[in-house]
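Asker: upload09.txt is reproduced in full below (compact mmCIF, C-alpha atoms).
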```txt
# COMPACT_ATOMS: atom_id res chain seq x y z
CA MET A 17 186.18 135.16 117.74
CA ALA A 18 186.93 132.09 115.62
CA SER A 19 184.38 129.35 115.37
CA SER A 20 185.49 125.85 116.32
CA SER A 21 182.92 124.23 114.00
CA PHE A 22 185.37 124.15 111.08
CA ARG A 23 186.97 120.79 110.48
CA LYS A 24 190.12 119.82 108.71
CA PRO A 25 189.29 118.46 105.23
CA SER A 26 189.55 114.71 105.08
CA ALA A 27 191.62 112.87 102.52
CA ASN A 28 188.57 111.89 100.46
CA ASP A 29 187.22 115.46 100.14
CA THR A 30 189.42 116.18 97.12
CA LEU A 31 188.32 112.99 95.40
CA VAL A 32 184.62 113.63 96.09
CA ARG A 33 184.85 117.23 94.88
CA GLY A 34 186.66 116.10 91.76
CA VAL A 35 184.11 113.45 90.88
CA ILE A 36 181.20 115.83 91.48
CA LEU A 37 182.76 118.57 89.34
CA ALA A 38 183.57 116.13 86.55
CA LEU A 39 180.00 114.81 86.57
CA ILE A 40 178.57 118.33 86.46
CA GLY A 41 180.81 119.15 83.51
CA LEU A 42 179.82 115.99 81.67
CA VAL A 43 176.12 116.56 82.24
CA LEU A 44 176.35 120.14 80.99
CA LEU A 45 178.20 119.01 77.87
CA VAL A 46 176.06 115.98 77.04
CA ALA A 47 172.58 117.20 78.03
CA PRO A 48 171.97 119.49 75.02
CA GLN A 49 172.35 116.49 72.70
CA PHE A 50 169.22 114.92 74.21
CA MET A 51 167.09 118.06 74.64
CA SER A 52 164.60 119.51 72.20
CA ASP A 53 165.11 123.04 70.91
CA THR A 54 163.99 125.08 73.93
CA PRO A 55 165.35 128.09 75.77
CA LEU A 56 166.73 125.70 78.39
CA ARG A 57 168.74 123.88 75.73
CA SER A 58 170.24 127.15 74.51
CA LEU A 59 171.19 127.96 78.10
CA PHE A 60 173.01 124.64 78.36
CA VAL A 61 174.78 125.28 75.06
CA GLN A 62 175.91 128.71 76.25
CA ALA A 63 177.32 127.13 79.41
CA SER A 64 179.77 124.97 77.45
CA VAL A 65 182.79 127.01 78.57
CA VAL A 66 181.77 126.55 82.20
CA ALA A 67 181.18 122.85 81.54
CA TRP A 68 184.67 122.35 80.12
CA PHE A 69 186.15 124.23 83.07
CA ALA A 70 184.23 122.09 85.56
CA LEU A 71 185.31 118.93 83.77
CA ALA A 72 188.97 119.98 83.68
CA LEU A 73 188.96 121.08 87.31
CA GLY A 74 187.24 117.88 88.40
CA LEU A 75 189.78 115.74 86.56
CA ALA A 76 192.60 117.79 88.11
CA PHE A 77 191.20 117.15 91.60
CA VAL A 78 190.93 113.42 90.87
CA ALA A 79 194.50 113.37 89.54
CA LYS A 80 195.75 115.28 92.58
CA ASP A 81 194.11 112.76 94.89
CA GLY A 82 195.53 109.87 92.87
CA LEU A 83 199.04 111.30 93.08
CA ARG A 84 198.67 111.83 96.82
CA ARG A 85 197.58 108.22 97.30
CA LEU A 86 200.42 106.96 95.10
CA ARG A 87 202.99 108.95 97.10
CA GLN A 88 201.56 107.66 100.38
CA ARG A 89 201.71 104.07 99.13
CA ASP A 90 205.29 104.46 97.92
CA GLY A 91 206.33 106.07 101.20
CA GLN A 92 205.13 103.16 103.32
```
I'd like the structure from this file rewritten - as structure tokens, please.

Answerer:
Amino acid sequence: MASSSFRKPSANDTLVRGVILALIGLVLLVAPQFMSDTPLRSLFVQASVVAWFALALGLAFVAKDGLRRLRQRDGQ
């Protein structure tokens, strides 16, 4: 039996997800520069591939939302 608690994603969900992912990627990339040499810093350095992926995916979501808004504006 399907649950009726699921909602249709709003128009701003893509933008919010994109901004959050981009911020996570930036924090993971920049944080090791300000940390002392600890095991936590080495963990952040090892996560650089994930950080670049999060940054790229976040920017893609933001671009997708921007294109959607541009097409809506041009259509009206």

Asker: Have a look at atom CA of Leu45 of chain A and atom CA of Gly82 of chain A and let me know their distance in Å, one decimal.

Answerer: 24.7 Å

Asker: For a test of reading the model, state the distance in Å between atom CA of Thr30 of chain A and atom CA of Ser64 of chain A, rounded to one decimal.

Answerer: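 We find that atom CA of Thr30 of chain A and atom CA of Ser64 of chain A lie 23.6 Å from each other.
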
Asker: Ranking A:Asp81, A:Ala63, A:Leu73, A:Thr54 by minimum distance to Ser26 of chain A and counting all atoms listed in the file, which one comes first?

Answerer: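 That would be A:Asp81, the residue with the smallest distance to Ser26 of chain A.
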
Asker: Nearest to Leu37 of chain A among A:Asp90, A:Arg85, A:Lys80, A:Ala70, with distances taken over all atoms listed in the file: which residue is it?

Answerer: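 With all atoms listed in the file as the atom set, the closest residue is A:Ala70.
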
Asker: How big is the axis-aligned box, and where does its centre sit, when it encloses all atoms of segment 72-81 of chain A listed in the file and has 4 Å added on every side, reported in Å to one decimal as AutoDock Vina command-line options?

Answerer:
```
--center_x 191.5 --center_y 116.9 --center_z 89.3 --size_x 16.5 --size_y 16.3 --size_z 19.2
```

Asker: With only C-alpha atoms as the basis for distance, which of A:Phe77, A:Ala67, A:Leu56, A:Phe50 is at the shortest distance from Gly34 of chain A?

Answerer: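 When distances to Gly34 of chain A are compared using only C-alpha atoms, the smallest one comes from A:Phe77.
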
Asker: Suppose you want the space between atom CA of Val66 of chain A and atom CA of Val32 of chain A; what is it in Å?

Answerer: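 Between atom CA of Val66 of chain A and atom CA of Val32 of chain A the gap is 19.2 Å.
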
Asker: Starting from the sparse input, extend segment 67-78 of chain A to all heavy atoms and give the output as a tab-separated table (two decimals), keeping the file's coordinate frame.

Answerer:
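Result file selection_29.tsv:
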```tsv
chain	number	residue	atom	x	y	z
A	67	ALA	N	181.18	124.31	81.47
A	67	ALA	CA	181.18	122.85	81.54
A	67	ALA	C	182.58	122.29	81.33
A	67	ALA	O	183.02	121.39	82.06
A	67	ALA	CB	180.22	122.27	80.51
A	68	TRP	N	183.29	122.81	80.35
A	68	TRP	CA	184.67	122.35	80.12
A	68	TRP	C	185.57	122.68	81.30
A	68	TRP	O	186.43	121.89	81.68
A	68	TRP	CB	185.23	122.95	78.83
A	68	TRP	CG	184.73	122.27	77.61
A	68	TRP	CD1	183.88	122.77	76.68
A	68	TRP	CD2	185.05	120.93	77.18
A	68	TRP	NE1	183.64	121.83	75.71
A	68	TRP	CE2	184.34	120.70	75.99
A	68	TRP	CE3	185.85	119.92	77.69
A	68	TRP	CZ2	184.42	119.50	75.30
A	68	TRP	CZ3	185.92	118.73	77.02
A	68	TRP	CH2	185.22	118.52	75.83
A	69	PHE	N	185.37	123.86	81.89
A	69	PHE	CA	186.15	124.23	83.07
A	69	PHE	C	185.86	123.30	84.23
A	69	PHE	O	186.79	122.85	84.92
A	69	PHE	CB	185.86	125.69	83.46
A	69	PHE	CG	186.65	126.16	84.64
A	69	PHE	CD1	188.00	126.44	84.53
A	69	PHE	CD2	186.05	126.30	85.87
A	69	PHE	CE1	188.74	126.86	85.63
A	69	PHE	CE2	186.77	126.72	86.98
A	69	PHE	CZ	188.12	127.00	86.85
A	70	ALA	N	184.60	123.00	84.47
A	70	ALA	CA	184.23	122.09	85.56
A	70	ALA	C	184.80	120.70	85.32
A	70	ALA	O	185.31	120.06	86.26
A	70	ALA	CB	182.71	122.02	85.70
A	71	LEU	N	184.76	120.24	84.08
A	71	LEU	CA	185.31	118.93	83.77
A	71	LEU	C	186.82	118.90	83.99
A	71	LEU	O	187.35	117.98	84.61
A	71	LEU	CB	184.97	118.56	82.32
A	71	LEU	CG	185.43	117.19	81.84
A	71	LEU	CD1	184.80	116.08	82.66
A	71	LEU	CD2	185.09	117.02	80.37
A	72	ALA	N	187.51	119.92	83.52
A	72	ALA	CA	188.97	119.98	83.68
A	72	ALA	C	189.36	120.09	85.15
A	72	ALA	O	190.29	119.41	85.62
A	72	ALA	CB	189.54	121.15	82.89
A	73	LEU	N	188.65	120.92	85.89
A	73	LEU	CA	188.96	121.08	87.31
A	73	LEU	C	188.66	119.80	88.09
A	73	LEU	O	189.43	119.40	88.96
A	73	LEU	CB	188.15	122.25	87.89
A	73	LEU	CG	188.47	122.67	89.31
A	73	LEU	CD1	189.92	123.13	89.42
A	73	LEU	CD2	187.54	123.77	89.75
A	74	GLY	N	187.56	119.14	87.75
A	74	GLY	CA	187.24	117.88	88.40
A	74	GLY	C	188.29	116.82	88.13
A	74	GLY	O	188.71	116.10	89.04
A	75	LEU	N	188.73	116.72	86.88
A	75	LEU	CA	189.78	115.74	86.56
A	75	LEU	C	191.10	116.09	87.24
A	75	LEU	O	191.85	115.20	87.65
A	75	LEU	CB	189.96	115.65	85.05
A	75	LEU	CG	188.77	115.06	84.29
A	75	LEU	CD1	189.03	115.11	82.78
A	75	LEU	CD2	188.48	113.64	84.75
A	76	ALA	N	191.38	117.39	87.40
A	76	ALA	CA	192.60	117.79	88.11
A	76	ALA	C	192.53	117.39	89.58
A	76	ALA	O	193.52	116.93	90.15
A	76	ALA	CB	192.80	119.29	87.98
A	77	PHE	N	191.36	117.56	90.20
A	77	PHE	CA	191.20	117.15	91.60
A	77	PHE	C	191.38	115.64	91.75
A	77	PHE	O	192.01	115.16	92.69
A	77	PHE	CB	189.84	117.56	92.15
A	77	PHE	CG	189.76	118.99	92.60
A	77	PHE	CD1	188.53	119.56	92.91
A	77	PHE	CD2	190.88	119.78	92.74
A	77	PHE	CE1	188.43	120.86	93.33
A	77	PHE	CE2	190.80	121.09	93.16
A	77	PHE	CZ	189.57	121.63	93.46
A	78	VAL	N	190.80	114.88	90.82
A	78	VAL	CA	190.93	113.42	90.87
A	78	VAL	C	192.39	113.02	90.68
A	78	VAL	O	192.90	112.14	91.39
A	78	VAL	CB	190.02	112.75	89.81
A	78	VAL	CG1	190.33	111.28	89.68
A	78	VAL	CG2	188.55	112.97	90.17
```
